[in-house]
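Participant: Contents of run16.cif (mmCIF, C-alpha atoms) are below:
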data_target
loop_
_atom_site.group_PDB
_atom_site.id
_atom_site.type_symbol
_atom_site.label_atom_id
_atom_site.label_comp_id
_atom_site.auth_asym_id
_atom_site.auth_seq_id
_atom_site.Cartn_x
_atom_site.Cartn_y
_atom_site.Cartn_z
ATOM 1 C CA MET A 394 -42.222 71.779 22.860
ATOM 2 C CA ASP A 395 -38.591 70.604 22.888
ATOM 3 C CA LYS A 396 -37.867 66.893 22.855
ATOM 4 C CA GLU A 397 -36.375 65.643 26.147
ATOM 5 C CA HIS A 398 -33.078 63.737 26.192
ATOM 6 C CA ASN A 399 -32.009 61.635 29.190
ATOM 7 C CA PHE A 400 -28.363 61.277 30.161
ATOM 8 C CA LEU A 401 -26.328 59.546 32.842
ATOM 9 C CA ILE A 402 -24.169 62.285 34.354
ATOM 10 C CA PHE A 403 -20.847 61.273 35.916
ATOM 11 C CA THR A 404 -17.519 62.767 36.904
ATOM 12 C CA LEU A 405 -13.929 61.954 36.112
ATOM 13 C CA ALA A 406 -11.085 64.048 37.531
ATOM 14 C CA ASP A 407 -13.497 66.828 38.561
ATOM 15 C CA HIS A 408 -14.971 67.102 35.050
ATOM 16 C CA TYR A 409 -18.628 66.402 34.252
ATOM 17 C CA PHE A 410 -19.505 64.003 31.459
ATOM 18 C CA ALA A 411 -22.714 62.468 30.155
ATOM 19 C CA LEU A 412 -23.778 59.435 28.185
ATOM 20 C CA ASP A 413 -27.191 58.932 26.621
ATOM 21 C CA ILE A 414 -29.163 56.722 29.003
ATOM 22 C CA ALA A 415 -30.135 54.512 26.048
ATOM 23 C CA GLU A 416 -26.473 53.415 25.835
ATOM 24 C CA VAL A 417 -26.225 52.532 29.537
ATOM 25 C CA VAL A 418 -26.774 48.863 30.351
ATOM 26 C CA ARG A 419 -26.080 48.955 34.079
ATOM 27 C CA VAL A 420 -24.050 50.730 36.738
ATOM 28 C CA TYR A 421 -22.192 48.649 39.327
ATOM 29 C CA PRO A 422 -20.331 49.691 42.443
ATOM 30 C CA ALA A 423 -16.583 49.460 41.888
ATOM 31 C CA VAL A 424 -15.690 45.807 41.502
ATOM 32 C CA ALA A 425 -12.456 43.976 40.900
ATOM 33 C CA VAL A 426 -11.770 43.274 37.259
ATOM 34 C CA ASP A 427 -9.363 40.796 35.737
ATOM 35 C CA ARG A 428 -6.221 42.654 34.719
ATOM 36 C CA LEU A 429 -4.505 41.602 31.533
ATOM 37 C CA GLY A 430 -0.763 41.208 31.233
ATOM 38 C CA GLU A 431 -0.761 42.382 27.639
ATOM 39 C CA GLY A 432 -2.863 44.653 25.540
ATOM 40 C CA PRO A 433 -3.139 48.286 24.550
ATOM 41 C CA PRO A 434 -3.079 50.956 27.292
ATOM 42 C CA ILE A 435 -6.763 51.761 26.724
ATOM 43 C CA LEU A 436 -7.726 48.238 27.869
ATOM 44 C CA TYR A 437 -7.832 48.210 31.665
ATOM 45 C CA GLY A 438 -9.058 44.625 32.013
ATOM 46 C CA LEU A 439 -12.057 42.331 31.767
ATOM 47 C CA PHE A 440 -15.275 42.266 33.725
ATOM 48 C CA THR A 441 -17.188 39.005 33.587
ATOM 49 C CA VAL A 442 -20.912 38.967 34.192
ATOM 50 C CA ALA A 443 -23.185 36.002 33.493
ATOM 51 C CA GLY A 444 -20.293 34.249 31.740
ATOM 52 C CA LYS A 445 -19.751 37.137 29.319
ATOM 53 C CA ASN A 446 -16.425 38.985 29.057
ATOM 54 C CA ILE A 447 -16.885 42.732 28.905
ATOM 55 C CA PRO A 448 -13.812 44.845 28.165
ATOM 56 C CA VAL A 449 -13.130 47.539 30.748
ATOM 57 C CA LEU A 450 -11.620 50.521 28.992
ATOM 58 C CA ASP A 451 -9.579 53.214 30.688
ATOM 59 C CA LEU A 452 -11.720 56.252 29.948
ATOM 60 C CA ARG A 453 -9.190 58.495 31.698
ATOM 61 C CA TYR A 454 -6.582 57.376 29.176
ATOM 62 C CA ARG A 455 -8.936 58.014 26.253
ATOM 63 C CA LEU A 456 -9.849 61.492 27.497
ATOM 64 C CA HIS A 457 -6.252 62.407 28.374
ATOM 65 C CA LEU A 458 -7.054 62.817 32.069
ATOM 66 C CA PRO A 459 -4.698 61.962 34.946
ATOM 67 C CA ARG A 460 -4.656 58.205 35.393
ATOM 68 C CA ARG A 461 -5.295 56.507 38.716
ATOM 69 C CA GLU A 462 -6.389 53.129 39.971
ATOM 70 C CA PRO A 463 -10.112 52.729 40.702
ATOM 71 C CA THR A 464 -11.154 53.069 44.342
ATOM 72 C CA PRO A 465 -14.047 51.438 46.229
ATOM 73 C CA ASP A 466 -15.938 54.745 45.917
ATOM 74 C CA ASP A 467 -15.908 54.598 42.108
ATOM 75 C CA ALA A 468 -18.579 53.065 39.886
ATOM 76 C CA LEU A 469 -18.330 50.770 36.879
ATOM 77 C CA VAL A 470 -20.574 51.758 33.991
ATOM 78 C CA VAL A 471 -21.473 49.057 31.479
ATOM 79 C CA ALA A 472 -22.680 50.517 28.217
ATOM 80 C CA CYS A 473 -23.509 49.330 24.733
ATOM 81 C CA GLY A 474 -22.836 51.088 21.452
ATOM 82 C CA GLN A 475 -23.477 49.713 17.993
ATOM 83 C CA GLU A 476 -20.434 47.427 18.131
ATOM 84 C CA SER A 477 -20.603 45.733 21.547
ATOM 85 C CA GLU A 478 -20.762 46.174 25.300
ATOM 86 C CA LEU A 479 -17.915 47.801 27.163
ATOM 87 C CA ALA A 480 -17.336 49.128 30.656
ATOM 88 C CA PHE A 481 -15.394 51.947 32.264
ATOM 89 C CA PHE A 482 -14.811 53.284 35.766
ATOM 90 C CA VAL A 483 -16.079 56.730 36.783
ATOM 91 C CA ASP A 484 -15.384 58.730 39.939
ATOM 92 C CA THR A 485 -18.951 59.669 40.820
ATOM 93 C CA ILE A 486 -22.408 59.072 39.423
ATOM 94 C CA ILE A 487 -24.302 62.351 39.606
ATOM 95 C CA GLY A 488 -27.520 60.746 38.348
ATOM 96 C CA VAL A 489 -29.856 60.729 35.391
ATOM 97 C CA ARG A 490 -30.854 64.117 34.094
ATOM 98 C CA SER A 491 -33.256 65.203 31.357
ATOM 99 C CA PHE A 492 -32.448 68.089 29.053
ATOM 100 C CA ALA A 493 -34.678 69.735 26.494
ATOM 101 C CA GLU A 494 -33.257 70.038 22.991
ATOM 102 C CA GLY A 495 -32.811 73.778 23.551
ATOM 103 C CA GLU A 496 -30.516 73.131 26.541
ATOM 104 C CA LEU A 497 -28.054 71.153 24.410
ATOM 105 C CA CYS A 498 -25.501 72.712 22.118
ATOM 106 C CA GLU A 499 -23.783 70.893 19.273
ATOM 107 C CA CYS A 500 -20.121 70.658 20.211
ATOM 108 C CA ALA A 501 -18.929 71.612 16.721
ATOM 109 C CA THR A 502 -20.647 74.970 17.136
ATOM 110 C CA ILE A 503 -18.638 76.136 20.155
ATOM 111 C CA TYR A 504 -15.721 73.682 20.451
ATOM 112 C CA PRO A 505 -14.936 72.503 16.916
ATOM 113 C CA GLU A 506 -11.588 71.065 18.028
ATOM 114 C CA MET A 507 -13.428 68.626 20.348
ATOM 115 C CA ALA A 508 -16.219 67.647 17.962
ATOM 116 C CA GLU A 509 -14.304 64.517 16.950
ATOM 117 C CA TYR A 510 -15.189 62.942 20.332
ATOM 118 C CA VAL A 511 -17.860 65.105 21.964
ATOM 119 C CA SER A 512 -21.332 65.238 20.457
ATOM 120 C CA ARG A 513 -22.979 67.937 22.583
ATOM 121 C CA VAL A 514 -22.353 70.262 25.494
ATOM 122 C CA THR A 515 -24.642 71.526 28.239
ATOM 123 C CA GLU A 516 -24.323 72.904 31.745
ATOM 124 C CA ILE A 517 -25.590 71.915 35.186
ATOM 125 C CA ASP A 518 -24.970 73.703 38.450
ATOM 126 C CA GLY A 519 -22.277 75.858 36.869
ATOM 127 C CA HIS A 520 -20.392 72.868 35.437
ATOM 128 C CA LYS A 521 -19.890 72.297 31.732
ATOM 129 C CA VAL A 522 -21.079 68.773 30.802
ATOM 130 C CA TRP A 523 -19.391 67.026 27.871
ATOM 131 C CA ILE A 524 -21.878 64.641 26.254
ATOM 132 C CA TYR A 525 -20.514 61.583 24.499
ATOM 133 C CA THR A 526 -21.848 58.722 22.466
ATOM 134 C CA LEU A 527 -19.876 55.490 22.622
ATOM 135 C CA ASP A 528 -19.712 55.167 18.872
ATOM 136 C CA LEU A 529 -18.180 58.635 18.561
ATOM 137 C CA LEU A 530 -15.844 58.296 21.529
ATOM 138 C CA PHE A 531 -14.583 54.892 20.419
ATOM 139 C CA ALA A 532 -14.976 55.322 16.667
ATOM 140 C CA ASP A 533 -11.458 54.225 15.742
ATOM 141 C CA GLN A 534 -11.249 50.967 13.802
ATOM 142 C CA ASP A 535 -8.714 49.759 16.392
ATOM 143 C CA PHE A 536 -11.400 49.883 19.106
ATOM 144 C CA SER A 537 -13.787 47.809 17.051
ATOM 145 C CA VAL A 538 -11.142 45.120 16.533
ATOM 146 C CA LEU A 539 -10.162 45.282 20.218
ATOM 147 C CA LEU A 540 -13.753 44.887 21.422
ATOM 148 C CA GLN A 541 -14.401 41.977 19.087
ATOM 149 C CA SER A 542 -11.153 40.256 20.205
ATOM 150 C CA VAL A 543 -12.004 40.658 23.892
ATOM 151 C CA SER A 544 -15.552 39.414 23.400
ATOM 152 C CA ALA A 545 -14.140 36.355 21.636
ATOM 153 C CA GLY A 546 -11.626 35.819 24.459
ATOM 154 C CA VAL A 547 -8.587 36.602 22.319
ATOM 155 C CA VAL A 548 -6.450 39.585 23.340
ATOM 156 C CA SER A 549 -3.115 40.329 21.724
#
What does the file become when written as structure tokens?

Facilitator:
Amino acid sequence: MDKEHNFLIFTLADHYFALDIAEVVRVYPAVAVDRLGEGPPILYGLFTVAGKNIPVLDLRYRLHLPRREPTPDDALVVACGQESELAFFVDTIIGVRSFAEGELCECATIYPEMAEYVSRVTEIDGHKVWIYTLDLLFADQDFSVLLQSVSAGVVS
């Protein structure tokens, strides 16, 4: 019997994406975040919860999707990789979905050019679902330094 994997499925710019549910800390309705005057374009702002600063990254920017300001209909996903917690806005939360190992395809097998960021691919309701892990999506050393700086309250 295939091992089951659980993912949070969400949309951005009419594309379906997924994140392993083990990386998801919490999903909030769209909330106002503190915008920063300076910082790299990937850093949208800061979200403070229980006195802790969580960097809000612009996932649209990272994925080269059309940029837009969050709307009240969006959701804010807080997730945790190996480095630290981070958050990002998504258009729609589809829900949590389980997939058997046989329903998942290694990205490198069919889309080798995307394997740098995407770990696996699957399909639901006729939509291709790009499955990410935070540590793969934000693997650059620059992201690690950025996340540590934000967590410490120092952004340059």

Participant: From the set A:Ile435, A:Ile402, A:Val417, A:Val426, which residue has the shortest atom-to-atom contact distance to Glu516 (chain A), counting only C-alpha atoms?

Facilitator: A:Ile402

Participant: Using CA of Met507 (chain A) and CA of Leu405 (chain A) as the two end points, give the distance in Å to one decimal.

Facilitator: 17.1 Å

Participant: Considering only C-alpha atoms, state which residue in the set A:Ala443, A:Leu529, A:Leu401, A:Val424 is at the smallest distance from Glu462 (chain A).

Facilitator: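 For Glu462 (chain A), the nearest of the given residues is A:Val424.
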
Participant: Nearest to Val522 (chain A) among A:Arg461, A:Pro433, A:Gly495, A:Ile487, with distances taken over all atoms listed in the file: which residue is it?

Facilitator: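 Once distances to Val522 (chain A) are computed over all atoms listed in the file, the minimum belongs to A:Ile487.
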
Participant: By how many Å are CA of Ala508 (chain A) and CA of Arg419 (chain A) apart?

Facilitator: 26.6 Å

Participant: Just how far from CA of Lys521 (chain A) is CA of Ala480 (chain A), in Å to one decimal?

Facilitator: 23.3 Å

Participant: Do you know which residues are at most 9 Å from Pro465 (chain A) counting only C-alpha atoms, after dropping those on the same chain fewer than 2 positions away, and could you put them as a VMD selection string?

Facilitator: chain A and resid 422 to 424 463 467 to 468

Participant: Quick one: axis-aligned box around all listed atoms of region 487-501 of chain A, 6 Å on every side, centre and edge lengths in Å to one decimal, written as lines of an AutoDock Vina configuration file.

Facilitator:
center_x = -26.8
center_y = 67.3
center_z = 28.2
size_x = 27.7
size_y = 25.0
size_z = 34.9
